[in-house]
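Heads up, upload.cif below (mmCIF, C-alpha atoms and all ligand atoms):
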data_final
#
loop_
_atom_site.label_atom_id
_atom_site.label_comp_id
_atom_site.auth_asym_id
_atom_site.auth_seq_id
_atom_site.Cartn_x
_atom_site.Cartn_y
_atom_site.Cartn_z
CA MET T 1 0.00 0.00 0.00
CA ARG T 2 1.06 3.54 -0.79
CA LEU T 3 -0.76 6.07 1.35
CA ALA T 4 -0.62 9.81 0.73
CA ASN T 5 -1.99 12.97 2.28
CA ARG T 6 -3.77 14.67 -0.63
CA ARG T 7 -4.80 18.19 0.32
CA GLY T 8 -5.30 17.08 3.92
CA ARG T 9 -7.26 13.92 3.04
CA ALA T 10 -5.98 10.35 3.19
CA ALA T 11 -5.54 8.91 -0.29
CA LEU T 12 -4.54 5.45 -1.51
CA ILE T 13 -2.26 5.56 -4.53
CA VAL T 14 -3.58 3.13 -7.15
CA ALA T 15 -1.34 4.09 -10.10
CA ALA T 16 1.29 6.68 -10.94
CA GLY T 17 -0.34 10.05 -10.29
CA ARG T 18 -3.74 8.59 -9.34
CA ALA T 19 -5.19 8.10 -5.86
CA LEU T 20 -8.46 7.01 -4.24
CA ASP T 21 -9.93 9.21 -1.54
CA VAL T 22 -10.04 6.97 1.54
CA HIS T 23 -13.08 8.60 3.15
CA ASP T 24 -15.23 8.51 0.03
CA THR T 25 -14.16 5.02 -1.06
CA SER T 26 -14.72 3.52 2.39
CA GLY T 27 -18.16 5.07 2.71
CA GLY T 28 -16.92 7.23 5.56
CA ARG T 29 -15.50 4.36 7.63
CA PHE T 30 -11.90 5.66 7.43
CA GLY T 31 -10.49 9.14 6.99
CA PRO T 32 -10.52 11.77 5.76
CA ASP T 33 -7.91 12.81 8.36
CA PRO T 34 -4.63 10.99 7.49
CA GLN T 35 -3.51 11.11 11.12
CA GLN T 36 -6.52 9.19 12.47
CA LEU T 37 -5.85 6.14 10.29
CA PHE T 38 -2.95 5.11 12.51
CA ASP T 39 -5.20 4.78 15.58
CA ASP T 40 -7.06 1.94 13.80
CA TRP T 41 -4.24 0.86 11.51
CA ASP T 42 -4.80 -2.90 11.36
CA ALA T 43 -8.47 -2.47 10.40
CA PHE T 44 -7.59 0.23 7.90
CA ALA T 45 -4.80 -1.83 6.31
CA ALA T 46 -7.14 -4.81 5.96
CA TRP T 47 -9.74 -2.61 4.26
CA ALA T 48 -7.14 -0.95 2.03
CA ARG T 49 -6.14 -4.33 0.59
CA THR T 50 -9.69 -4.73 -0.74
CA ALA T 51 -10.13 -1.17 -2.04
CA SER T 52 -10.12 -0.64 -5.78
CA GLY T 53 -10.96 2.01 -8.31
CA GLU T 54 -9.40 4.26 -10.93
CA GLY T 55 -8.72 7.09 -8.50
CA GLU T 56 -8.34 10.76 -9.25
CA PRO T 57 -5.25 12.50 -10.62
CA PHE T 58 -2.84 14.23 -8.26
CA THR T 59 0.56 15.88 -8.43
CA VAL T 60 3.22 15.97 -5.72
CA SER T 61 2.38 19.63 -5.07
CA ASP T 62 -1.03 18.40 -3.80
CA LEU T 63 0.60 16.28 -1.09
CA GLY T 64 1.21 17.02 2.58
CA ALA T 65 3.13 15.04 5.18
CA PRO T 66 1.90 11.42 5.20
CA VAL T 67 1.77 11.72 8.99
CA PRO T 68 0.79 15.36 9.51
CA ARG T 69 0.54 15.56 13.32
CA PRO T 70 2.70 12.89 15.01
CA ARG T 71 2.50 13.00 18.79
CA GLN T 72 6.12 11.92 19.18
CA VAL T 73 9.04 12.15 16.77
CA PHE T 74 12.15 10.17 17.63
CA ALA T 75 15.44 10.71 15.86
CA ILE T 76 18.67 8.76 16.06
CA GLY T 77 22.13 10.27 15.72
CA VAL T 78 25.31 8.73 14.29
CA ASN T 79 23.63 5.46 13.30
CA TYR T 80 25.64 4.61 10.17
CA THR T 81 29.17 3.27 10.42
CA GLU T 82 30.65 5.63 7.79
CA HIS T 83 28.83 8.68 9.19
CA ALA T 84 30.05 7.93 12.75
CA ALA T 85 33.57 7.75 11.33
CA GLU T 86 33.33 11.08 9.45
CA ALA T 87 31.85 12.75 12.57
CA GLY T 88 34.66 11.34 14.73
CA TYR T 89 32.35 9.58 17.18
CA PRO T 90 33.42 6.26 18.69
CA PRO T 91 30.72 3.57 18.57
CA ASP T 92 28.14 3.70 21.38
CA SER T 93 26.50 0.70 23.04
CA VAL T 94 23.07 2.40 22.83
CA PRO T 95 21.53 4.57 20.10
CA VAL T 96 21.88 8.35 20.45
CA THR T 97 18.28 9.56 20.75
CA PHE T 98 16.76 13.02 20.43
CA THR T 99 13.52 14.54 19.14
CA LYS T 100 12.52 16.71 16.28
CA PHE T 101 9.71 18.73 17.81
CA PRO T 102 6.53 17.78 15.91
CA THR T 103 5.86 21.26 14.49
CA SER T 104 8.98 20.84 12.33
CA ILE T 105 7.25 18.11 10.28
CA VAL T 106 6.19 19.07 6.75
CA GLY T 107 5.43 17.25 3.52
CA PRO T 108 7.05 16.85 0.10
CA ASP T 109 7.65 19.75 -2.28
CA HIS T 110 7.92 22.13 0.65
CA VAL T 111 9.72 25.48 0.71
CA VAL T 112 11.82 25.82 3.86
CA GLU T 113 13.31 29.07 5.13
CA LEU T 114 17.04 28.89 5.92
CA PRO T 115 17.53 30.53 9.34
CA SER T 116 21.30 30.79 8.76
CA ASP T 117 24.01 29.82 6.28
CA ARG T 118 24.81 26.67 8.31
CA VAL T 119 21.86 24.41 7.44
CA ASP T 120 22.80 20.81 6.60
CA TRP T 121 21.07 17.87 4.92
CA GLU T 122 20.58 14.37 6.38
CA VAL T 123 18.57 11.92 4.28
CA GLU T 124 16.94 9.29 6.52
CA LEU T 125 14.56 6.37 6.42
CA VAL T 126 11.58 7.35 8.58
CA ALA T 127 9.42 4.64 10.16
CA VAL T 128 5.80 5.20 11.17
CA ILE T 129 4.53 3.33 14.23
CA GLY T 130 1.28 1.42 13.58
CA ARG T 131 0.36 0.19 17.07
CA ARG T 132 0.68 1.24 20.67
CA THR T 133 4.09 -0.22 21.41
CA HIS T 134 5.70 -0.91 24.76
CA ARG T 135 8.59 -3.28 25.38
CA VAL T 136 8.56 -5.16 22.10
CA SER T 137 11.48 -7.30 21.03
CA ALA T 138 13.41 -6.55 17.87
CA ALA T 139 12.07 -9.83 16.45
CA ALA T 140 8.49 -8.51 16.76
CA ALA T 141 9.20 -4.89 15.90
CA TRP T 142 8.28 -4.90 12.19
CA ASP T 143 4.73 -5.94 13.21
CA HIS T 144 4.47 -2.58 14.98
CA ILE T 145 5.52 -0.51 11.98
CA ALA T 146 2.77 0.76 9.69
CA GLY T 147 5.17 1.80 6.98
CA VAL T 148 8.15 3.89 6.00
CA THR T 149 8.76 7.12 4.14
CA VAL T 150 11.63 9.36 3.06
CA GLY T 151 12.73 12.03 5.53
CA GLN T 152 15.20 14.87 5.80
CA ASP T 153 16.61 15.60 9.25
CA LEU T 154 17.52 19.20 8.36
CA SER T 155 20.04 20.47 10.87
CA GLU T 156 21.12 24.02 11.76
CA ARG T 157 24.68 23.50 12.99
CA VAL T 158 25.12 26.80 14.89
CA VAL T 159 22.26 26.17 17.34
CA GLN T 160 23.30 22.51 17.51
CA MET T 161 26.93 23.24 18.37
CA VAL T 162 27.01 26.66 20.07
CA GLY T 163 27.23 25.43 23.67
CA THR T 164 29.50 22.92 25.34
CA LYS T 165 26.88 20.14 24.83
CA PRO T 166 25.22 19.41 21.47
CA GLN T 167 21.62 20.66 21.17
CA PHE T 168 20.37 18.19 18.57
CA SER T 169 16.66 18.60 19.30
CA LEU T 170 16.60 22.39 19.03
CA GLY T 171 18.97 22.73 16.08
CA LYS T 172 16.92 20.22 14.07
CA SER T 173 13.46 21.64 14.83
CA PHE T 174 13.31 24.98 13.02
CA ARG T 175 10.08 25.50 11.10
CA GLY T 176 9.96 23.07 8.19
CA PHE T 177 13.06 21.13 9.25
CA GLY T 178 11.32 17.74 9.04
CA PRO T 179 10.32 17.18 5.40
CA THR T 180 8.69 13.74 4.96
CA GLY T 181 7.07 11.94 2.06
CA PRO T 182 6.12 11.82 -0.66
CA TRP T 183 3.94 9.03 0.77
CA LEU T 184 4.00 6.12 3.22
CA VAL T 185 4.86 2.67 1.84
CA THR T 186 3.98 -0.49 3.73
CA PRO T 187 6.90 -2.89 4.33
CA ASP T 188 5.41 -5.65 2.13
CA GLU T 189 5.92 -3.37 -0.92
CA LEU T 190 9.65 -2.99 -0.38
CA PRO T 191 12.27 -5.01 -2.28
CA ASP T 192 14.09 -5.73 1.03
CA ARG T 193 12.80 -3.85 4.07
CA ASP T 194 16.20 -4.17 5.82
CA ASP T 195 18.39 -3.10 2.89
CA LEU T 196 17.23 -0.06 0.93
CA GLY T 197 19.44 2.32 -1.04
CA LEU T 198 19.10 5.95 0.04
CA SER T 199 20.62 9.12 -1.35
CA CYS T 200 20.34 12.86 -1.62
CA ARG T 201 21.60 15.38 -4.15
CA ILE T 202 21.42 18.98 -5.28
CA GLY T 203 21.21 19.06 -9.05
CA ASP T 204 23.96 16.76 -10.34
CA GLU T 205 25.95 16.98 -7.09
CA ILE T 206 25.51 13.69 -5.20
CA LEU T 207 25.71 14.48 -1.47
CA GLN T 208 24.92 11.18 0.22
CA GLU T 209 24.61 7.58 -0.93
CA GLY T 210 24.14 4.65 1.41
CA ARG T 211 22.15 1.58 2.28
CA THR T 212 19.94 1.08 5.32
CA SER T 213 21.68 -2.25 5.94
CA ARG T 214 24.67 -0.16 7.10
CA MET T 215 22.82 1.11 10.18
CA ILE T 216 24.66 0.46 13.44
CA PHE T 217 21.34 -0.20 15.20
CA THR T 218 18.73 -1.68 12.84
CA LEU T 219 15.21 -0.31 12.75
CA PRO T 220 13.87 -3.30 14.77
CA GLN T 221 16.64 -2.77 17.35
CA LEU T 222 15.71 0.92 17.56
CA VAL T 223 12.06 0.08 18.18
CA GLU T 224 13.08 -2.40 20.86
CA ARG T 225 15.31 0.14 22.56
CA LEU T 226 12.89 3.10 22.32
CA SER T 227 9.88 1.06 23.45
CA ASP T 228 11.82 -0.29 26.41
CA VAL T 229 11.71 3.27 27.78
CA VAL T 230 8.86 5.14 26.07
CA VAL T 231 5.36 4.06 25.08
CA LEU T 232 5.30 4.48 21.30
CA LEU T 233 1.98 5.66 19.91
CA PRO T 234 0.30 5.00 16.56
CA GLY T 235 1.52 7.57 14.06
CA ASP T 236 4.77 8.32 15.89
CA LEU T 237 7.79 8.84 13.63
CA VAL T 238 11.28 7.39 13.99
CA PHE T 239 14.06 9.10 11.99
CA THR T 240 16.66 6.36 11.83
CA GLY T 241 19.89 8.26 11.20
CA THR T 242 21.82 9.39 8.15
CA PRO T 243 24.63 7.88 6.07
CA ALA T 244 27.94 9.65 5.44
CA GLY T 245 28.24 12.81 3.37
CA VAL T 246 26.73 15.61 5.48
CA GLY T 247 27.95 19.12 4.64
CA ASN T 248 29.35 19.86 8.08
CA GLN T 249 31.95 17.07 7.74
CA ARG T 250 33.17 18.09 4.27
CA THR T 251 36.34 19.96 3.44
CA PRO T 252 35.46 22.67 2.70
CA LYS T 253 32.14 22.58 4.52
CA ARG T 254 29.10 22.84 2.26
CA PHE T 255 25.68 24.00 3.43
CA LEU T 256 22.29 24.56 1.80
CA ARG T 257 21.83 27.79 -0.13
CA ALA T 258 18.68 29.71 -0.92
CA ASP T 259 17.05 28.68 -4.21
CA GLU T 260 18.62 25.21 -4.11
CA THR T 261 16.46 22.09 -4.36
CA LEU T 262 17.41 19.10 -2.23
CA VAL T 263 16.37 15.79 -3.80
CA SER T 264 16.20 12.83 -1.39
CA ALA T 265 15.35 9.31 -2.50
CA ILE T 266 14.92 5.86 -1.00
CA GLU T 267 14.66 2.70 -3.04
CA GLY T 268 11.12 1.31 -3.15
CA ILE T 269 9.61 4.45 -1.60
CA GLY T 270 10.15 7.48 -3.82
CA VAL T 271 11.66 10.94 -4.11
CA LEU T 272 11.26 13.84 -1.69
CA GLU T 273 12.08 17.33 -2.95
CA THR T 274 12.64 20.31 -0.67
CA ARG T 275 13.35 23.91 -1.76
CA PHE T 276 14.93 26.69 0.27
CA THR T 277 14.47 30.41 0.64
CA PRO T 278 16.61 32.90 2.56
CA ARG T 279 15.66 34.06 6.03
CA GLY T 280 12.77 36.49 5.68
CA GLY T 281 12.64 35.72 1.93
ZN ZN T 301 19.81 12.79 11.58
#
I'd like the structure from this file rewritten - as structure tokens, please.
Ligand code: ZN
Amino acid sequence: MRLANRRGRAALIVAAGRALDVHDTSGGRFGPDPQQLFDDWDAFAAWARTASGEGEPFTVSDLGAPVPRPRQVFAIGVNYTEHAAEAGYPPDSVPVTFTKFPTSIVGPDHVVELPSDRVDWEVELVAVIGRRTHRVSAAAAWDHIAGVTVGQDLSERVVQMVGTKPQFSLGKSFRGFGPTGPWLVTPDELPDRDDLGLSCRIGDEILQEGRTSRMIFTLPQLVERLSDVVVLLPGDLVFTGTPAGVGNQRTPKRFLRADETLVSAIEGIGVLETRFTPRGG
């Protein structure tokens, strides 16, 4: 299943550029609010497998965040071997966890204001929790994941680094700093849910290329660890970390500039584009 947020209404993608309105097609049983689907995910997913129709045309500019109002957003730092090496961090025995405050979450094709000239990219696989989840094992964790999408953990490095301790949560939560989309894909649609190619680029300049199989802590291990401490709620997001190639670790450093378009992609999911404007622009 590919599930989108079309102009604020849940929509099932049935073909390239065509989607069924969930509320109308289900006779009002599900939707239209995309967020509410996750509270009854198993019933919705079962219905969605039976839904059919030609759908209506849409373009990416019609789409919002597949999960527009997550109650909790978890993010994991230095979770790829090569990125930990470029950042100079020794391996940790537990995942480095912070939050992106939920108001930073936006959809595909979004225009994000650059608050400074030190804003960095981090392409990440983002998992969406499909059930209330407390103390699940890694072996059972995929059963608690509704689907995955493409995310950008945009990061303002001045706020992050200005003090003696890193301020990940604040520096990564400016308005619009959590682009997600273009849609949610259920794990059964993926070529290999534990090994997906991911990348981001600006124009022809490839910035990051990696595979999710290179995570230090796998997505199931992250769900096990997070849910050992926190009750995970339906519709919560987990940003799973970024591969090597961030701008802050380059020589010379390279950051996002106004009028650039960042193109992020994950195999089996799709492409997420984000544009940038100057502060106050
Ligand atoms: Zn990140």
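With only C-alpha atoms as the atoms that count, the residue of T:Asp259, T:Asp109, T:Glu124, T:Glu86 with the shortest distance to T:Gly247 is T:Glu86.
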Subject >> Nearby residues (only C-alpha atoms) at most 10 Å from T:Arg7, same-chain spacing under 5 positions excluded, as a ChimeraX atom specification >> reply: /T:58,61-65
**OP:** Throw together the list of residues within 9 Å of ligand ZN 301 (chain T), counting all atoms listed in the file, and drop it here as number ranges by chain.
**Re:** T: 75-79, 121-124, 152-155, 168, 172, 239-243
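Using all atoms listed in the file, the shortest contact distance between T:Glu156 and any of T:Asn248, T:Thr212, T:Thr180, T:Tyr80 is found at T:Asn248.
Shell of T:Ile269 at 9 Å, with only C-alpha atoms counted and residues fewer than 5 places along the chain excluded, is T:Arg2, T:Val148, T:Thr149, T:Val150, T:Gly181, T:Pro182, T:Trp183, T:Leu184, T:Val185, T:Glu189, T:Leu190.
Across T:Leu37, T:Leu233, T:Val60, T:Ala85, the tightest approach to T:Pro108 is made by T:Val60 when counting all atoms listed in the file.
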**OP:** Go through T:Ile145, T:Ile216, T:Ala140, T:Ala46 one by one, measure the shortest atom-to-atom distance of each to T:Val94 using only C-alpha atoms, and give the residue with the smallest value.
**Re:** T:Ile216
Original post:
Got a sec: who's within 12 Å of T:Arg132, counting only C-alpha atoms, leaving out chain neighbours fewer than 4 positions off, as a list of chain:residue names?
Top reply: T:Phe38, T:Asp39, T:Asp40, T:Trp41, T:Asp42, T:Val128, T:Val136, T:Ala141, T:Asp143, T:His144, T:Ile145, T:Ala146, T:Val223, T:Ser227, T:Val230, T:Val231, T:Leu232, T:Leu233, T:Pro234, T:Gly235, T:Asp236
